[in-house]
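Colleague: This is the content of data22.pdb (PDB, C-alpha atoms):
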```pdb
ATOM      1  CA  MET A  78      41.418 -84.472  25.031
ATOM      2  CA  ASP A  79      38.337 -86.243  26.391
ATOM      3  CA  LYS A  80      39.505 -85.362  29.891
ATOM      4  CA  ILE A  81      39.674 -81.689  28.907
ATOM      5  CA  MET A  82      36.156 -81.889  27.487
ATOM      6  CA  THR A  83      34.880 -83.520  30.675
ATOM      7  CA  LYS A  84      36.459 -80.867  32.835
ATOM      8  CA  LEU A  85      34.990 -78.064  30.704
ATOM      9  CA  LEU A  86      31.495 -79.525  30.821
ATOM     10  CA  GLU A  87      31.750 -80.012  34.593
ATOM     11  CA  ALA A  88      32.845 -76.400  34.934
ATOM     12  CA  VAL A  89      29.841 -75.188  32.914
ATOM     13  CA  SER A  90      27.447 -76.872  35.322
ATOM     14  CA  GLY A  91      29.059 -75.021  38.228
ATOM     15  CA  VAL A  92      28.687 -71.532  36.818
ATOM     16  CA  SER A  93      26.161 -69.549  38.872
ATOM     17  CA  SER A  94      26.386 -65.883  37.816
ATOM     18  CA  PRO A  95      26.338 -63.977  34.521
ATOM     19  CA  PHE A  96      29.789 -62.575  35.174
ATOM     20  CA  SER A  97      31.253 -66.008  35.909
ATOM     21  CA  LEU A  98      29.551 -67.424  32.839
ATOM     22  CA  THR A  99      31.032 -64.728  30.647
ATOM     23  CA  ALA A 100      34.553 -65.208  32.009
ATOM     24  CA  PHE A 101      34.329 -68.971  31.715
ATOM     25  CA  ALA A 102      32.831 -68.922  28.228
ATOM     26  CA  ILE A 103      35.477 -66.593  26.862
ATOM     27  CA  ALA A 104      38.300 -68.628  28.411
ATOM     28  CA  ALA A 105      36.824 -71.891  27.151
ATOM     29  CA  LEU A 106      36.384 -70.522  23.644
ATOM     30  CA  VAL A 107      39.986 -69.344  23.507
ATOM     31  CA  ILE A 108      41.254 -72.727  24.726
ATOM     32  CA  ALA A 109      39.104 -74.555  22.184
ATOM     33  CA  LEU A 110      40.374 -72.473  19.301
ATOM     34  CA  MET A 111      43.968 -72.997  20.396
ATOM     35  CA  LEU A 112      43.592 -76.777  20.765
ATOM     36  CA  TYR A 113      41.600 -77.386  17.592
ATOM     37  CA  LYS A 114      43.097 -74.827  15.290
ATOM     38  CA  GLY A 115      42.359 -75.965  11.744
ATOM     39  CA  LYS A 116      40.422 -79.028  12.935
ATOM     40  CA  LYS A 117      36.773 -79.902  13.289
ATOM     41  CA  LEU A 118      35.500 -79.011  16.761
ATOM     42  CA  PRO A 119      33.836 -81.784  18.814
ATOM     43  CA  VAL A 120      30.166 -81.369  19.688
ATOM     44  CA  GLY A 121      31.028 -80.580  23.289
ATOM     45  CA  LEU A 122      33.206 -77.674  22.294
ATOM     46  CA  TRP A 123      30.467 -76.385  20.011
ATOM     47  CA  VAL A 124      28.281 -76.286  23.108
ATOM     48  CA  VAL A 125      30.946 -74.286  24.927
ATOM     49  CA  ALA A 126      31.286 -71.912  21.978
ATOM     50  CA  ILE A 127      27.532 -71.344  21.889
ATOM     51  CA  CYS A 128      27.540 -70.672  25.638
ATOM     52  CA  ALA A 129      30.251 -68.085  25.103
ATOM     53  CA  VAL A 130      28.259 -66.276  22.432
ATOM     54  CA  VAL A 131      25.059 -66.333  24.509
ATOM     55  CA  ALA A 132      26.924 -65.034  27.550
ATOM     56  CA  LEU A 133      28.456 -62.186  25.594
ATOM     57  CA  VAL A 134      24.986 -61.146  24.431
ATOM     58  CA  LEU A 135      23.020 -61.638  27.648
ATOM     59  CA  VAL A 136      25.385 -60.316  30.298
ATOM     60  CA  PRO A 137      25.342 -56.676  29.178
ATOM     61  CA  VAL A 138      21.543 -56.836  29.085
ATOM     62  CA  LEU A 139      21.349 -58.379  32.548
ATOM     63  CA  VAL A 140      23.805 -55.882  33.989
ATOM     64  CA  GLN A 141      21.970 -52.960  32.449
ATOM     65  CA  SER A 142      18.574 -54.145  33.684
ATOM     66  CA  ARG A 143      19.899 -54.480  37.224
ATOM     67  CA  GLY A 144      21.904 -51.241  37.066
ATOM     68  CA  VAL A 145      19.071 -48.902  36.032
ATOM     69  CA  TYR A 146      15.966 -47.995  38.015
ATOM     70  CA  ARG A 147      12.893 -47.536  35.844
ATOM     71  CA  LEU A 148      10.645 -45.267  37.875
ATOM     72  CA  ARG A 149       7.068 -44.902  36.586
ATOM     73  CA  VAL A 150       5.262 -41.709  37.643
ATOM     74  CA  THR A 151       1.522 -41.042  37.503
ATOM     75  CA  VAL A 152       0.209 -37.495  38.027
ATOM     76  CA  VAL A 153      -3.347 -36.787  39.211
ATOM     77  CA  ASP A 154      -5.215 -33.514  39.695
ATOM     78  CA  PRO A 155      -6.880 -32.408  42.983
ATOM     79  CA  ARG A 156      -9.872 -34.637  42.108
ATOM     80  CA  GLU A 157      -7.425 -37.554  41.635
ATOM     81  CA  VAL A 158      -8.067 -37.708  37.893
ATOM     82  CA  PRO A 159      -4.916 -38.682  35.932
ATOM     83  CA  VAL A 160      -3.478 -35.866  33.806
ATOM     84  CA  GLU A 161      -1.288 -36.073  30.726
ATOM     85  CA  ASP A 162      -0.183 -32.447  30.274
ATOM     86  CA  ALA A 163       1.914 -31.938  33.410
ATOM     87  CA  GLN A 164       5.574 -30.960  33.479
ATOM     88  CA  VAL A 165       7.533 -33.616  35.388
ATOM     89  CA  TRP A 166      11.121 -33.518  36.672
ATOM     90  CA  SER A 167      13.291 -35.063  39.399
ATOM     91  CA  SER A 168      15.871 -34.018  41.979
ATOM     92  CA  LEU A 169      18.499 -36.038  40.079
ATOM     93  CA  GLY A 170      17.730 -34.417  36.736
ATOM     94  CA  GLY A 171      17.244 -36.483  33.614
ATOM     95  CA  GLU A 172      14.542 -36.240  30.988
ATOM     96  CA  PRO A 173      11.441 -38.355  31.663
ATOM     97  CA  LYS A 174       9.982 -40.494  28.877
ATOM     98  CA  LYS A 175       6.267 -40.158  28.173
ATOM     99  CA  ILE A 176       4.629 -43.558  28.480
ATOM    100  CA  SER A 177       1.067 -44.793  28.610
ATOM    101  CA  GLY A 178      -0.528 -43.496  31.808
ATOM    102  CA  GLY A 179       2.344 -41.301  32.884
ATOM    103  CA  TRP A 180       6.095 -40.809  32.687
ATOM    104  CA  GLN A 181       9.208 -42.925  33.198
ATOM    105  CA  PHE A 182      12.607 -41.955  34.574
ATOM    106  CA  ASP A 183      15.588 -44.207  33.794
ATOM    107  CA  VAL A 184      17.920 -43.634  36.748
ATOM    108  CA  PRO A 185      21.393 -45.270  36.712
ATOM    109  CA  ALA A 186      22.043 -46.910  40.058
ATOM    110  CA  GLY A 187      25.410 -45.178  40.231
ATOM    111  CA  SER A 188      23.752 -41.744  40.310
ATOM    112  CA  VAL A 189      21.488 -42.536  43.273
ATOM    113  CA  PRO A 190      22.601 -40.875  46.560
ATOM    114  CA  PRO A 191      23.639 -43.107  49.482
ATOM    115  CA  ASP A 192      20.254 -42.767  51.198
ATOM    116  CA  GLY A 193      18.500 -43.867  47.990
ATOM    117  CA  LYS A 194      16.081 -40.929  48.084
ATOM    118  CA  LEU A 195      14.753 -39.288  44.939
ATOM    119  CA  VAL A 196      12.176 -36.489  44.803
ATOM    120  CA  VAL A 197       9.893 -36.243  41.777
ATOM    121  CA  TYR A 198       8.069 -32.999  40.999
ATOM    122  CA  ALA A 199       5.104 -32.177  38.759
ATOM    123  CA  ALA A 200       3.317 -28.984  37.767
ATOM    124  CA  ILE A 201       0.649 -27.591  35.488
ATOM    125  CA  ARG A 202       1.754 -23.975  35.514
ATOM    126  CA  SER A 203      -1.167 -22.653  33.508
ATOM    127  CA  ALA A 204      -3.503 -23.912  36.252
ATOM    128  CA  PHE A 205      -1.105 -23.003  39.105
ATOM    129  CA  LEU A 206      -0.990 -26.630  40.286
ATOM    130  CA  THR A 207       2.101 -28.278  41.744
ATOM    131  CA  GLY A 208       3.043 -31.442  43.632
ATOM    132  CA  GLN A 209       5.932 -33.662  44.628
ATOM    133  CA  GLN A 210       6.642 -37.144  45.943
ATOM    134  CA  SER A 211       9.663 -38.717  47.607
ATOM    135  CA  VAL A 212      10.737 -42.179  46.395
ATOM    136  CA  ALA A 213      13.236 -44.598  47.977
ATOM    137  CA  LEU A 214      15.256 -46.441  45.335
ATOM    138  CA  ARG A 215      16.367 -49.726  46.882
ATOM    139  CA  ASP A 216      15.817 -53.384  45.860
ATOM    140  CA  ASP A 217      12.902 -52.750  43.491
ATOM    141  CA  TYR A 218      14.315 -51.652  40.126
ATOM    142  CA  ASN A 219      10.849 -50.920  38.734
ATOM    143  CA  PRO A 220       9.219 -48.676  41.354
ATOM    144  CA  THR A 221       6.048 -46.645  40.805
ATOM    145  CA  THR A 222       4.746 -43.485  42.445
ATOM    146  CA  THR A 223       1.819 -41.080  42.156
ATOM    147  CA  ILE A 224       1.984 -37.300  42.492
ATOM    148  CA  LYS A 225      -1.194 -35.491  43.505
ATOM    149  CA  LEU A 226      -1.336 -31.889  42.334
ATOM    150  CA  SER A 227      -2.721 -29.103  44.487
ATOM    151  CA  ALA A 228      -3.076 -25.348  44.212
ATOM    152  CA  ASP A 229       0.255 -23.594  44.707
ATOM    153  CA  SER A 230       0.022 -20.860  47.342
ATOM    154  CA  SER A 231       3.703 -20.481  48.186
ATOM    155  CA  ALA A 232       4.470 -17.181  46.451
ATOM    156  CA  ARG A 233       4.759 -13.762  48.075
ATOM    157  CA  VAL A 234       3.850 -10.321  46.812
ATOM    158  CA  LEU A 235       6.043  -7.300  47.380
ATOM    159  CA  GLY A 236       6.214  -3.698  46.308
ATOM    160  CA  ILE A 237       6.160  -0.063  47.337
ATOM    161  CA  VAL A 238       3.478   2.495  48.227
ATOM    162  CA  VAL A 239       4.123   6.088  47.200
ATOM    163  CA  ASP A 240       2.307   9.415  47.329
ATOM    164  CA  SER A 241       1.380  11.560  44.320
ATOM    165  CA  ASP A 242       4.933  12.956  44.267
ATOM    166  CA  GLY A 243       6.463   9.470  44.078
ATOM    167  CA  LYS A 244       7.758   9.529  47.646
ATOM    168  CA  GLY A 245       7.547   6.322  49.653
ATOM    169  CA  LEU A 246       4.863   6.313  52.325
ATOM    170  CA  VAL A 247       5.481   4.827  55.768
ATOM    171  CA  GLY A 248       2.652   3.361  57.839
ATOM    172  CA  VAL A 249       0.400   2.243  54.980
ATOM    173  CA  SER A 250      -1.624  -0.929  55.651
ATOM    174  CA  VAL A 251      -1.375  -3.343  52.709
ATOM    175  CA  SER A 252      -3.293  -6.613  52.413
ATOM    176  CA  VAL A 253      -4.316  -9.317  49.946
ATOM    177  CA  ALA A 254      -8.051  -9.604  49.355
ATOM    178  CA  GLY A 255      -9.527 -12.288  51.569
ATOM    179  CA  HIS A 256      -6.573 -12.165  53.978
ATOM    180  CA  SER A 257      -6.943  -8.798  55.697
ATOM    181  CA  ALA A 258      -5.827 -10.318  59.015
ATOM    182  CA  GLU A 259      -2.334 -10.678  57.517
ATOM    183  CA  ALA A 260      -2.052  -7.017  56.499
ATOM    184  CA  VAL A 261       1.409  -5.490  56.860
ATOM    185  CA  VAL A 262       2.448  -1.883  57.428
ATOM    186  CA  THR A 263       4.939  -0.281  55.055
ATOM    187  CA  THR A 264       8.403   0.440  56.409
ATOM    188  CA  ASP A 265      10.909   3.159  55.543
ATOM    189  CA  GLY A 266      10.686   3.924  51.852
ATOM    190  CA  GLY A 267       7.138   2.592  51.653
ATOM    191  CA  SER A 268       8.076  -1.053  50.944
ATOM    192  CA  PHE A 269       5.988  -4.094  51.846
ATOM    193  CA  ASP A 270       6.247  -7.891  51.556
ATOM    194  CA  LEU A 271       3.492 -10.351  52.482
ATOM    195  CA  PRO A 272       2.155 -13.838  51.642
ATOM    196  CA  ALA A 273       0.247 -13.831  48.349
ATOM    197  CA  HIS A 274      -1.711 -17.035  49.003
ATOM    198  CA  ALA A 275      -1.192 -17.676  45.302
ATOM    199  CA  ALA A 276       1.308 -19.140  42.878
ATOM    200  CA  ASP A 277       4.154 -17.276  41.234
ATOM    201  CA  GLY A 278       2.641 -15.217  38.420
ATOM    202  CA  GLN A 279      -0.936 -15.602  39.627
ATOM    203  CA  GLN A 280      -2.911 -12.350  39.938
ATOM    204  CA  VAL A 281      -3.807 -11.187  43.457
ATOM    205  CA  TYR A 282      -5.946  -8.237  44.512
ATOM    206  CA  LEU A 283      -4.061  -5.790  46.746
ATOM    207  CA  HIS A 284      -5.548  -3.092  48.944
ATOM    208  CA  ALA A 285      -3.632  -0.211  50.553
ATOM    209  CA  GLU A 286      -4.919   2.412  52.974
ATOM    210  CA  LYS A 287      -3.587   5.093  55.285
ATOM    211  CA  VAL A 288      -5.279   7.781  57.328
ATOM    212  CA  GLY A 289      -5.322  11.021  55.366
ATOM    213  CA  PHE A 290      -5.210   9.242  51.976
ATOM    214  CA  ARG A 291      -7.785   7.663  49.717
ATOM    215  CA  GLY A 292      -7.525   3.873  49.736
ATOM    216  CA  GLU A 293      -6.325   2.158  46.580
ATOM    217  CA  SER A 294      -6.816  -1.388  45.235
ATOM    218  CA  LEU A 295      -5.297  -3.091  42.221
ATOM    219  CA  TRP A 296      -4.532  -6.478  40.636
ATOM    220  CA  HIS A 297      -0.882  -7.553  40.552
ATOM    221  CA  PRO A 298       0.948 -10.839  39.848
ATOM    222  CA  ALA A 299       2.511 -12.619  42.813
ATOM    223  CA  GLY A 300       6.222 -13.288  42.695
ATOM    224  CA  SER A 301       9.349 -11.226  42.222
ATOM    225  CA  THR A 302       7.846  -8.410  40.128
ATOM    226  CA  PRO A 303       7.270  -5.534  42.585
ATOM    227  CA  ALA A 304       3.948  -3.704  42.723
ATOM    228  CA  ARG A 305       3.700   0.092  42.810
ATOM    229  CA  ILE A 306       0.685   1.544  44.598
ATOM    230  CA  GLU A 307       0.086   5.282  44.549
ATOM    231  CA  LEU A 308      -2.107   6.901  47.195
ATOM    232  CA  THR A 309      -3.654  10.320  46.768
ATOM    233  CA  ALA A 310      -4.174  12.613  49.717
ATOM    234  CA  ALA A 311      -7.806  12.818  50.770
ATOM    235  CA  ALA A 312      -9.512  16.147  50.190
ATOM    236  CA  LYS A 313      -9.958  18.118  53.417
ATOM    237  CA  SER A 314     -13.574  18.594  54.383
ATOM    238  CA  ARG A 315     -14.947  22.146  54.552
ATOM    239  CA  ARG A 316     -16.830  23.416  57.584
TER     240      ARG A 316
END
```
Translate this file's structure into structure tokens.

Modeller:
Amino acid sequence: MDKIMTKLLEAVSGVSSPFSLTAFAIAALVIALMLYKGKKLPVGLWVVAICAVVALVLVPVLVQSRGVYRLRVTVVDPREVPVEDAQVWSSLGGEPKKISGGWQFDVPAGSVPPDGKLVVYAAIRSAFLTGQQSVALRDDYNPTTTIKLSADSSARVLGIVVDSDGKGLVGVSVSVAGHSAEAVVTTDGGSFDLPAHAADGQQVYLHAEKVGFRGESLWHPAGSTPARIELTAAAKSRR
């Protein structure tokens, strides 16, 4: 029996990983219970039993901590002042946790794509601010990143120009205020589509004009909601 105890204790000293420790501890505990069923366990076997219990508790924790990336995200405004009211999301989905100074994503290692790349997005829609940052999830399981917000100008504005009878007008010049150099000319049916230089839902000032008609300007939200601009024929001058 002393030889068995010696072998067990020697084996404990050679364990180098949590998984090996767990396997060894469980096996040793089973052997001890079989050999000393109904008897008082020697001190050495008590040590083995305690190792088994500790291993069973610690290994899941160790595996979890190494199998989950905890990505901390800080969001700053255009002046680089941290903000707390942004909406934050990632290319892998998942709900971020609000923490002091920012947000945290818990990303299981198994859900990370082969290239390890994750894109984190942030927005304050009421202020038309957006931003994003690419993160490489590799050896560091506690990475951090900062997203700087900037004005969103990616939306377009579209619509139709009609006459007083509701018929689409071809050849009308339509532009966004401040960007007259990018004016477009309406096609068949009177439709137009041009850069809004604004965010989706943000109001832009449109101007439409055509020879023989009075020019017309109006405010309209950028995005998928089409604008309708009606031009009235100019009164003919009397000689």

Colleague: For a quick check of understanding, using all atoms listed in the file, which of A:Phe269, A:Val212, A:Ile176, A:Ser203 has the smallest distance to Pro190 of chain A?

Modeller: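 Among the listed residues, the smallest separation from Pro190 of chain A belongs to A:Val212.
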
Colleague: Selection in question (the file shown): the PyMOL selection byres ((chain A and resi 183-185) around 8). Which residues does it include, as a list in words?

Modeller: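 Written out, the selection comes to Gly144, Val145, Tyr146, Arg147, Leu148, Gly171, Pro173, Gln181, Phe182, Ala186, Gly187, Ser188 and Val189 of chain A.
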
Colleague: Every residue with an atom at most 9 Å from (0.7, -33.2, 45.3) (file coordinates; only C-alpha atoms) is what I'm after, so could you write them as an MDAnalysis selection string?

Modeller: chainID A and resid 152:155 198:199 206:210 223:228

Colleague: Export, as a PDB file, in the coordinates of the input, the selected residues with C-alpha atoms.

Modeller:
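The resulting file, selection34.pdb, is reproduced below:
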```
ATOM      1  CA  VAL A 152       0.209 -37.495  38.027  1.00  0.00           C
ATOM      2  CA  VAL A 153      -3.347 -36.787  39.211  1.00  0.00           C
ATOM      3  CA  ASP A 154      -5.215 -33.514  39.695  1.00  0.00           C
ATOM      4  CA  PRO A 155      -6.880 -32.408  42.983  1.00  0.00           C
ATOM      5  CA  TYR A 198       8.069 -32.999  40.999  1.00  0.00           C
ATOM      6  CA  ALA A 199       5.104 -32.177  38.759  1.00  0.00           C
ATOM      7  CA  LEU A 206      -0.990 -26.630  40.286  1.00  0.00           C
ATOM      8  CA  THR A 207       2.101 -28.278  41.744  1.00  0.00           C
ATOM      9  CA  GLY A 208       3.043 -31.442  43.632  1.00  0.00           C
ATOM     10  CA  GLN A 209       5.932 -33.662  44.628  1.00  0.00           C
ATOM     11  CA  GLN A 210       6.642 -37.144  45.943  1.00  0.00           C
ATOM     12  CA  THR A 223       1.819 -41.080  42.156  1.00  0.00           C
ATOM     13  CA  ILE A 224       1.984 -37.300  42.492  1.00  0.00           C
ATOM     14  CA  LYS A 225      -1.194 -35.491  43.505  1.00  0.00           C
ATOM     15  CA  LEU A 226      -1.336 -31.889  42.334  1.00  0.00           C
ATOM     16  CA  SER A 227      -2.721 -29.103  44.487  1.00  0.00           C
ATOM     17  CA  ALA A 228      -3.076 -25.348  44.212  1.00  0.00           C
TER      18      ALA A 228
END
```

Colleague: Rounded to one decimal in Å, what is the spacing between atom CA of Gly289 of chain A and atom CA of Ala273 of chain A?

Modeller: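 Between atom CA of Gly289 of chain A and atom CA of Ala273 of chain A the gap works out to 26.4 Å.
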
Colleague: Calculate how many Å separate atom CA of Leu195 of chain A from atom CA of Ala163 of chain A, rounding to one decimal.

Modeller: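 For atom CA of Leu195 of chain A relative to atom CA of Ala163 of chain A, the distance reads 18.8 Å.
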
Colleague: With distances taken over all atoms listed in the file, which residue among A:Asp240, A:Gly267, A:Gly255, A:His274 lies nearest Ala311 of chain A?

Modeller: A:Asp240

Colleague: Going by the chain IDs and residue numbers used in this file, which residues fall under the PyMOL selection byres ((chain A and resi 256) around 10)? Write them as a PyMOL selection string.

Modeller: chain A and resi 252-255+257-260+272-274+283

Colleague: Output C-alpha atoms for every residue in that selection, as an mmCIF file, in the coordinates of the input.

Modeller:
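Contents of the output file selection-v6.cif:
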```cif
data_model
loop_
_atom_site.group_PDB
_atom_site.id
_atom_site.type_symbol
_atom_site.label_atom_id
_atom_site.label_comp_id
_atom_site.auth_asym_id
_atom_site.auth_seq_id
_atom_site.Cartn_x
_atom_site.Cartn_y
_atom_site.Cartn_z
ATOM 1 C CA SER A 252 -3.293 -6.613 52.413
ATOM 2 C CA VAL A 253 -4.316 -9.317 49.946
ATOM 3 C CA ALA A 254 -8.051 -9.604 49.355
ATOM 4 C CA GLY A 255 -9.527 -12.288 51.569
ATOM 5 C CA SER A 257 -6.943 -8.798 55.697
ATOM 6 C CA ALA A 258 -5.827 -10.318 59.015
ATOM 7 C CA GLU A 259 -2.334 -10.678 57.517
ATOM 8 C CA ALA A 260 -2.052 -7.017 56.499
ATOM 9 C CA PRO A 272 2.155 -13.838 51.642
ATOM 10 C CA ALA A 273 0.247 -13.831 48.349
ATOM 11 C CA HIS A 274 -1.711 -17.035 49.003
ATOM 12 C CA LEU A 283 -4.061 -5.790 46.746
#
```

Colleague: With distances taken over all atoms listed in the file, which of A:Leu235, A:Val281, A:Val261, A:Ala200 is nearest to His297 of chain A?

Modeller: A:Val281

Colleague: Using only C-alpha atoms, pick whichever of A:Gly236, A:Gly278, A:Gly179, A:Gly243 has the shortest atom-to-atom distance to Val262 of chain A.

Modeller: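 Counting only C-alpha atoms, the residue closest to Val262 of chain A is A:Gly236.
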
Colleague: Under the rule that all atoms listed in the file are counted, which of A:Ser250, A:Gln164, A:Asn219, A:Ser231 is the nearest residue to Gly300 of chain A?

Modeller: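 Ranked by minimum distance to Gly300 of chain A, first place goes to A:Ser231.
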
Colleague: Taking every listed atom of segment 299-305 of chain A and adding 8 Å to each side, what centre and edge lengths in Å (one decimal) does the axis-aligned box have, as JSON?

Modeller:
```
{"center_x": 5.9, "center_y": -6.6, "center_z": 41.5, "size_x": 22.8, "size_y": 29.4, "size_z": 18.7}
```

Colleague: Excluding same-chain residues fewer than 2 positions from Pro298 of chain A, what lies within 10 Å of it counting all atoms listed in the file, as a PyMOL selection string?

Modeller: chain A and resi 232-235+273+275-283+296+300-304

Colleague: Any idea what the distance is between atom CA of Ile201 of chain A and atom CA of Leu214 of chain A?

Modeller: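 Between atom CA of Ile201 of chain A and atom CA of Leu214 of chain A the gap is 25.8 Å.
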